[in-house]
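As structure tokens, the structure follows; a few thoughts come after it.
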Amino acid sequence: MRVVTATALVGLTAWAGCPFSGKGGNRPHGHPSVGLLETNFDERFPQAVQNLDFAAVKRDVKRLLEDSQEFWPADYGNYAGLFIRLSWHSAGSYRISDGRGGGDGGRMRFDPERSWDDNTNLDKARRILWPIKQKYGLGLSWADLMILAGTVAIEDRGGVTLGFCWGRTDDESGEDSILLGPSKEQEVLFPCDSENNGFCVAPFGAVALETIYVNPSGPGGSHDPAASAESIRDVFGRMGMNDSETVALIGGGHTLGKTHGACPLGAGPAPDEDPNDPWPGNCGTGIGNDSFTTGFEGPWTSNPIDWDNQYFKNLISFNWTLGDSPGGNMQWFAEDADPAPAAFGDGEQPIMMLTSDIALINDESYLAIVNEFADDLDAFNAAFAAAWYKLTTRDSGPAERCLGPDVPPPQPFQNPLPPPPRNPAPEPLVRRALTGLNDTSSYIRLAWRCASTFRRTDYAGGCNGARIRFSPEIEWEVNAGLDSVISSLEPIKNTFGDRLSWADLIVLAGNVAIEQSGGRPMQFCPGRSDATDGSGSEILEPRITGTTNDTIELLGDFVNVLGLTKRQYVAIVGGAYSGGAPLWSTETTDGSSTIDNTFFTNLIENEWTLTTDANGVELYKAEGEELYLLQADLIVRVCVCSIIFIMFIMFIMFIMFIMF
């Protein structure tokens, strides 16, 4: 899945190029080298992005806004509302719990996202954009184009944006959206009881399956604005948004365009049911005035083609009453409000609000923000620009990964780091200072815990920044005792001062410890820098802790998010154990262990029984031996046996090939 930041995980030999030191071949600065899972990544892509005529791409999108197509005519003669919805829904699937979702990867082109109810008719938006994608080829990814379309639409209609992060890559399938659901895999790992008053709980980013965020009719279709406000705060919080960002995004998303619900008959079959003619529309012609997308009908403002703050003024200026829409859903209507022009032809149409809109004036905090934005367009524009950039860029990782001329300064949500040391300490000198470590197992464990927070899903975590020195990471139970290990490295850090970052020192100490324990020489990529606090780690608390709550499904998902293959993870587990540093234990050996394959022979040759140690910790004991494993370690037995079985089958096939 996409470009993976190489965070120097202990036990892995470094792949091509060091992303921190600029040794990644011809890749532009900030584009990390390709991870081992990125076998299909086109190495030409970063340079192709840099070769784009960025201004020409934006001009072409702008021209397309008013180029109404017969197969899907533009509301009010402009596709701004449609393109903003495309961008919102491409990015809005992101969730902070595991970094999944978001626009990077462009997976809305594939199932399951392609066929979600909330994405009804967005296939038309991509069809409209296809000539631009075709024109610019490799350098313009679908992932970038779908976010760019909404961004250009906002700017064209008078809105303000912060900038644009070019360089998202396109996945080749929707595989990395499977766990967003609905799917069998999602039901196993993250079961969602959407019948529980209409809520799915975290790690879901949305309130229900096939939904981008909340039920517009309120929880469970209750039409209760106060309950809807609670749901909004919960769900937007799962996306990492605060109250101001939430109100700005909802208001900005509802400033241009309209909802569509011409009749109660619906949009027709989704792409997973009819890929040849998805969502044809069951109301008349199915297009224009007969289109059906959500079952609600009408615009939010009387001027739905220009950017302004009328949405907020309307919320607080009128009395809103609940009524029926032509599409069969209930929505809110204003007394004495100016109507909007009809989206097609002559005539007028009343403005409306959804229950999730009325919610914003039924919550004290949200109402204060609505009043602020209604009184001050500049305040709304500033808040929206920052929130929109966060919404559309959060899953792209550090600011250094962004390409192109429109990248704004690093934002707080990107957890920016200071530059690495300009004159770094020579590696041989640091290695010499680390020679003779008294407790190699502790340094292996420290490096693992520092690196293993990395998520390939949104490029969060990892040892760059060395945030393991700060709260909350240093306080996690799995990191117990590591504060003293870090303290033991302080003399070396003080010797080299600003020429050696804590992040580099921790990783190099782990490498040296592995080598001193009999491991092969470790390649080291220098150039990390140090964070000044633990910001960003609050979303990274480990889901695998070594307890009996760990399952093979959760462990497999952890390994997947970490960006490792099963084989690589099994190798790390075995090497760390034999080196005296069990990955999920807070205890290590006296440092005299030697890295070998003893862990695997013990794992396979013994029978293991659940027991409890003197501290009340549940673990597994080998029958007749003083050998102990945690749940997450014993799970590896399944992986080891699977790998052995696959190798056996491959061997048999090879013998048969030779014989015949």
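Following the order of the structure tokens, chains are lettered A, B, ..., residues in each are numbered from 1, and ligands are numbered from 1.
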| task | Write out as a PyMOL selection string which residues come within 10 Å of Val485 of chain A when counting only C-alpha atoms, dropping same-chain ones fewer than 3 positions away. | result | chain A and resi 439+442-443+445-446+481-482+488-490+506
Report as a Markdown table the residues of segment 45-127 of chain A within 10 Å of segment 268-275 of chain A, each with its shortest atom pair and distance in Å (one decimal), using only C-alpha atoms, ordered by chain and increasing residue number.
```
| residue | atom | partner | partner_atom | distance |
| --- | --- | --- | --- | --- |
| A:Phe110 | CA | A:Pro271 | CA | 9.3 |
| A:Asp111 | CA | A:Asp272 | CA | 7.1 |
| A:Pro112 | CA | A:Asp272 | CA | 8.1 |
| A:Arg114 | CA | A:Pro271 | CA | 7.0 |
| A:Ser115 | CA | A:Ala270 | CA | 5.4 |
| A:Trp116 | CA | A:Ala270 | CA | 7.9 |
| A:Asp117 | CA | A:Ala270 | CA | 7.9 |
| A:Asn119 | CA | A:Ala270 | CA | 9.5 |
| A:Thr120 | CA | A:Ala270 | CA | 7.4 |
| A:Asn121 | CA | A:Ala270 | CA | 8.9 |
| A:Asp123 | CA | A:Pro271 | CA | 8.8 |
```
Please write the residues from the selection above to a file, keeping C-alpha atoms, as a compact mmCIF listing (two decimals), in the first residue's frame.
```txt
# COMPACT_ATOMS: atom_id res chain seq x y z
CA PHE A 110 -12.65 0.00 -6.07
CA ASP A 111 -14.98 -1.96 -3.87
CA PRO A 112 -15.86 -1.82 -1.09
CA ARG A 114 -16.90 2.33 -4.63
CA SER A 115 -20.28 0.80 -3.72
CA TRP A 116 -20.88 2.41 -0.33
CA ASP A 117 -24.30 4.04 0.01
CA ASN A 119 -20.68 7.30 -2.30
CA THR A 120 -23.73 7.01 -4.53
CA ASN A 121 -23.15 8.61 -7.96
CA ASP A 123 -18.65 7.28 -10.15
```
Pick out the residues sitting within 10 Å of segment 50-57 of chain A, and hand them over as a PDB file with N, CA and C atoms, in the first residue's frame; count only C-alpha atoms, and ignore anything fewer than 6 positions along from it in its own chain.
```pdb
ATOM      1  N   PRO A  28      12.783  12.365  -5.385  1.00  0.00           N
ATOM      2  CA  PRO A  28      12.827  13.733  -4.877  1.00  0.00           C
ATOM      3  C   PRO A  28      12.963  13.727  -3.363  1.00  0.00           C
ATOM      4  N   ILE A 132      -8.964  14.461 -17.841  1.00  0.00           N
ATOM      5  CA  ILE A 132      -7.802  15.107 -17.229  1.00  0.00           C
ATOM      6  C   ILE A 132      -6.801  14.055 -16.768  1.00  0.00           C
ATOM      7  N   LYS A 133      -7.291  13.000 -16.145  1.00  0.00           N
ATOM      8  CA  LYS A 133      -6.395  11.920 -15.730  1.00  0.00           C
ATOM      9  C   LYS A 133      -5.685  11.325 -16.949  1.00  0.00           C
ATOM     10  N   LYS A 135      -5.048  12.746 -19.790  1.00  0.00           N
ATOM     11  CA  LYS A 135      -4.144  13.720 -20.397  1.00  0.00           C
ATOM     12  C   LYS A 135      -2.789  13.748 -19.697  1.00  0.00           C
ATOM     13  N   TYR A 136      -2.782  13.670 -18.371  1.00  0.00           N
ATOM     14  CA  TYR A 136      -1.538  13.875 -17.623  1.00  0.00           C
ATOM     15  C   TYR A 136      -0.864  12.570 -17.193  1.00  0.00           C
ATOM     16  N   GLY A 137      -1.560  11.454 -17.308  1.00  0.00           N
ATOM     17  CA  GLY A 137      -0.915  10.159 -17.132  1.00  0.00           C
ATOM     18  C   GLY A 137      -0.347   9.890 -15.761  1.00  0.00           C
ATOM     19  N   LEU A 138       0.825   9.257 -15.734  1.00  0.00           N
ATOM     20  CA  LEU A 138       1.417   8.721 -14.517  1.00  0.00           C
ATOM     21  C   LEU A 138       1.592   9.765 -13.424  1.00  0.00           C
ATOM     22  N   GLY A 139       2.009  10.966 -13.774  1.00  0.00           N
ATOM     23  CA  GLY A 139       2.313  11.976 -12.766  1.00  0.00           C
ATOM     24  C   GLY A 139       1.114  12.489 -12.012  1.00  0.00           C
ATOM     25  N   LEU A 140      -0.075  12.335 -12.568  1.00  0.00           N
ATOM     26  CA  LEU A 140      -1.303  12.776 -11.899  1.00  0.00           C
ATOM     27  C   LEU A 140      -2.065  11.539 -11.447  1.00  0.00           C
ATOM     28  N   LEU A 145      -5.947  13.627  -7.976  1.00  0.00           N
ATOM     29  CA  LEU A 145      -6.971  14.293  -8.779  1.00  0.00           C
ATOM     30  C   LEU A 145      -8.293  14.402  -8.029  1.00  0.00           C
ATOM     31  N   LEU A 148      -7.764  17.119  -5.519  1.00  0.00           N
ATOM     32  CA  LEU A 148      -7.550  18.393  -6.205  1.00  0.00           C
ATOM     33  C   LEU A 148      -8.855  18.966  -6.750  1.00  0.00           C
ATOM     34  N   ALA A 149      -9.738  18.106  -7.248  1.00  0.00           N
ATOM     35  CA  ALA A 149     -10.979  18.581  -7.868  1.00  0.00           C
ATOM     36  C   ALA A 149     -11.790  19.424  -6.887  1.00  0.00           C
ATOM     37  N   TRP A 166       0.868  17.473  -3.285  1.00  0.00           N
ATOM     38  CA  TRP A 166       0.905  16.553  -4.413  1.00  0.00           C
ATOM     39  C   TRP A 166       1.730  15.319  -4.045  1.00  0.00           C
ATOM     40  N   GLY A 167       1.449  14.207  -4.694  1.00  0.00           N
ATOM     41  CA  GLY A 167       2.277  13.024  -4.519  1.00  0.00           C
ATOM     42  C   GLY A 167       1.587  11.805  -3.956  1.00  0.00           C
ATOM     43  N   LEU A 403       4.837  16.835  -2.338  1.00  0.00           N
ATOM     44  CA  LEU A 403       5.570  17.341  -3.492  1.00  0.00           C
ATOM     45  C   LEU A 403       4.822  18.524  -4.101  1.00  0.00           C
ATOM     46  N   GLY A 404       5.491  19.212  -5.021  1.00  0.00           N
ATOM     47  CA  GLY A 404       4.834  20.268  -5.766  1.00  0.00           C
ATOM     48  C   GLY A 404       5.049  21.647  -5.171  1.00  0.00           C
ATOM     49  N   PRO A 405       4.550  22.671  -5.871  1.00  0.00           N
ATOM     50  CA  PRO A 405       4.808  24.065  -5.498  1.00  0.00           C
ATOM     51  C   PRO A 405       3.809  24.644  -4.513  1.00  0.00           C
ATOM     52  N   ASP A 406       2.767  23.887  -4.163  1.00  0.00           N
ATOM     53  CA  ASP A 406       1.662  24.446  -3.382  1.00  0.00           C
ATOM     54  C   ASP A 406       1.657  23.978  -1.935  1.00  0.00           C
TER      55      ASP A 406
END
```
| said: Give me the residues near Leu180 of chain A as a list in words, where near means some atom within 9 Å (using only C-alpha atoms) and where sequence neighbours in that chain fewer than 3 positions away do not count. | reply: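 What passes the distance filter is Ser93, Arg100, Gly101, Pro112, Glu113, Asp176, Ser177, Ser183, Gln186, Phe190, Phe204, Gly205, Leu209 and Glu210 of chain A.
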| field | Top pick for closest residue to Ser317 of chain A, considering A:Ala576, A:Val370, A:Ile96, A:Ala343 and counting only C-alpha atoms | value | A:Val370
| message | Can you tell me which residues surround Trp332 of chain A at a distance of at most 9 Å, considering only C-alpha atoms, apart from same-chain residues fewer than 4 positions away, and format the answer as a PyMOL selection string? | response | chain A and resi 320-325+351-355+358
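The neighbours of Glu477 of chain A here are the residues that come within 12 Å of it, using only C-alpha atoms and leaving out any residue fewer than 5 positions away in the same chain; they are A:Arg449, A:Ser471, A:Pro472, A:Leu482, A:Asp483, A:Glu541, A:Pro542, A:Arg543, A:Ile544, A:Thr545, A:Gly546, A:Thr547, A:Trp584, A:Ser585, A:Thr586, A:Glu587.
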| message | Among segment 68-206 of chain A, which ones does DSSP assign to alpha helix (DSSP H) (computed from the backbone)? Answer as a PyMOL selection string. | response | chain A and resi 80-91+122-136+142-156+184-189
Could those selected residues go to a file with C-alpha atoms, as a PDB file, in the first residue's frame?
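What follows is the written file part.pdb:
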```
ATOM      1  CA  ALA A  80     -18.278  22.527  -7.686  1.00  0.00           C
ATOM      2  CA  GLY A  81     -20.648  20.816  -5.251  1.00  0.00           C
ATOM      3  CA  LEU A  82     -20.103  17.404  -6.848  1.00  0.00           C
ATOM      4  CA  PHE A  83     -16.314  17.723  -6.822  1.00  0.00           C
ATOM      5  CA  ILE A  84     -16.239  18.902  -3.193  1.00  0.00           C
ATOM      6  CA  ARG A  85     -18.325  15.873  -2.233  1.00  0.00           C
ATOM      7  CA  LEU A  86     -15.919  13.625  -4.159  1.00  0.00           C
ATOM      8  CA  SER A  87     -12.926  15.034  -2.278  1.00  0.00           C
ATOM      9  CA  TRP A  88     -14.708  14.984   1.091  1.00  0.00           C
ATOM     10  CA  HIS A  89     -15.743  11.357   0.704  1.00  0.00           C
ATOM     11  CA  SER A  90     -12.364  10.267  -0.642  1.00  0.00           C
ATOM     12  CA  ALA A  91     -10.584  11.747   2.384  1.00  0.00           C
ATOM     13  CA  LEU A 122     -19.540   9.593  -7.274  1.00  0.00           C
ATOM     14  CA  ASP A 123     -18.652   7.284 -10.154  1.00  0.00           C
ATOM     15  CA  LYS A 124     -20.064  10.069 -12.340  1.00  0.00           C
ATOM     16  CA  ALA A 125     -17.623  12.564 -10.858  1.00  0.00           C
ATOM     17  CA  ARG A 126     -14.684  10.305 -11.695  1.00  0.00           C
ATOM     18  CA  ARG A 127     -16.025   9.793 -15.223  1.00  0.00           C
ATOM     19  CA  ILE A 128     -16.188  13.569 -15.666  1.00  0.00           C
ATOM     20  CA  LEU A 129     -12.569  13.855 -14.491  1.00  0.00           C
ATOM     21  CA  TRP A 130     -11.275  11.015 -16.657  1.00  0.00           C
ATOM     22  CA  PRO A 131     -10.094  13.202 -19.605  1.00  0.00           C
ATOM     23  CA  ILE A 132      -7.802  15.107 -17.229  1.00  0.00           C
ATOM     24  CA  LYS A 133      -6.395  11.920 -15.730  1.00  0.00           C
ATOM     25  CA  GLN A 134      -5.861  10.524 -19.225  1.00  0.00           C
ATOM     26  CA  LYS A 135      -4.144  13.720 -20.397  1.00  0.00           C
ATOM     27  CA  TYR A 136      -1.538  13.875 -17.623  1.00  0.00           C
ATOM     28  CA  TRP A 142      -6.337   9.433  -9.178  1.00  0.00           C
ATOM     29  CA  ALA A 143      -5.702   9.972  -5.471  1.00  0.00           C
ATOM     30  CA  ASP A 144      -4.359  13.475  -6.147  1.00  0.00           C
ATOM     31  CA  LEU A 145      -6.971  14.293  -8.779  1.00  0.00           C
ATOM     32  CA  MET A 146      -9.942  13.400  -6.570  1.00  0.00           C
ATOM     33  CA  ILE A 147      -8.651  15.680  -3.788  1.00  0.00           C
ATOM     34  CA  LEU A 148      -7.550  18.393  -6.205  1.00  0.00           C
ATOM     35  CA  ALA A 149     -10.979  18.581  -7.868  1.00  0.00           C
ATOM     36  CA  GLY A 150     -12.690  19.709  -4.668  1.00  0.00           C
ATOM     37  CA  THR A 151      -9.838  22.022  -3.712  1.00  0.00           C
ATOM     38  CA  VAL A 152      -9.934  23.810  -7.074  1.00  0.00           C
ATOM     39  CA  ALA A 153     -13.741  24.023  -6.857  1.00  0.00           C
ATOM     40  CA  ILE A 154     -13.522  25.786  -3.494  1.00  0.00           C
ATOM     41  CA  GLU A 155     -10.950  28.264  -4.804  1.00  0.00           C
ATOM     42  CA  ASP A 156     -12.886  28.878  -8.023  1.00  0.00           C
ATOM     43  CA  LYS A 184     -15.999 -10.856   6.507  1.00  0.00           C
ATOM     44  CA  GLU A 185     -12.524  -9.724   7.554  1.00  0.00           C
ATOM     45  CA  GLN A 186     -13.953  -6.570   9.106  1.00  0.00           C
ATOM     46  CA  GLU A 187     -16.565  -8.583  10.994  1.00  0.00           C
ATOM     47  CA  VAL A 188     -13.813 -10.716  12.551  1.00  0.00           C
ATOM     48  CA  LEU A 189     -11.499  -7.867  13.569  1.00  0.00           C
TER      49      LEU A 189
END
```
| field | Among the residues A:Val247, A:Ala460, A:Ala383, A:Ala337, the one that comes closest to Asp363 of chain A [using only C-alpha atoms] | value |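 Between A:Val247, A:Ala460, A:Ala383, A:Ala337, the residue approaching Asp363 of chain A most closely is A:Val247.
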| Atomic distance atom CA of Val478 of chain A - atom CA of Ala509 of chain A, expressed in Å with one decimal |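 Those two atoms sit 19.4 Å apart.
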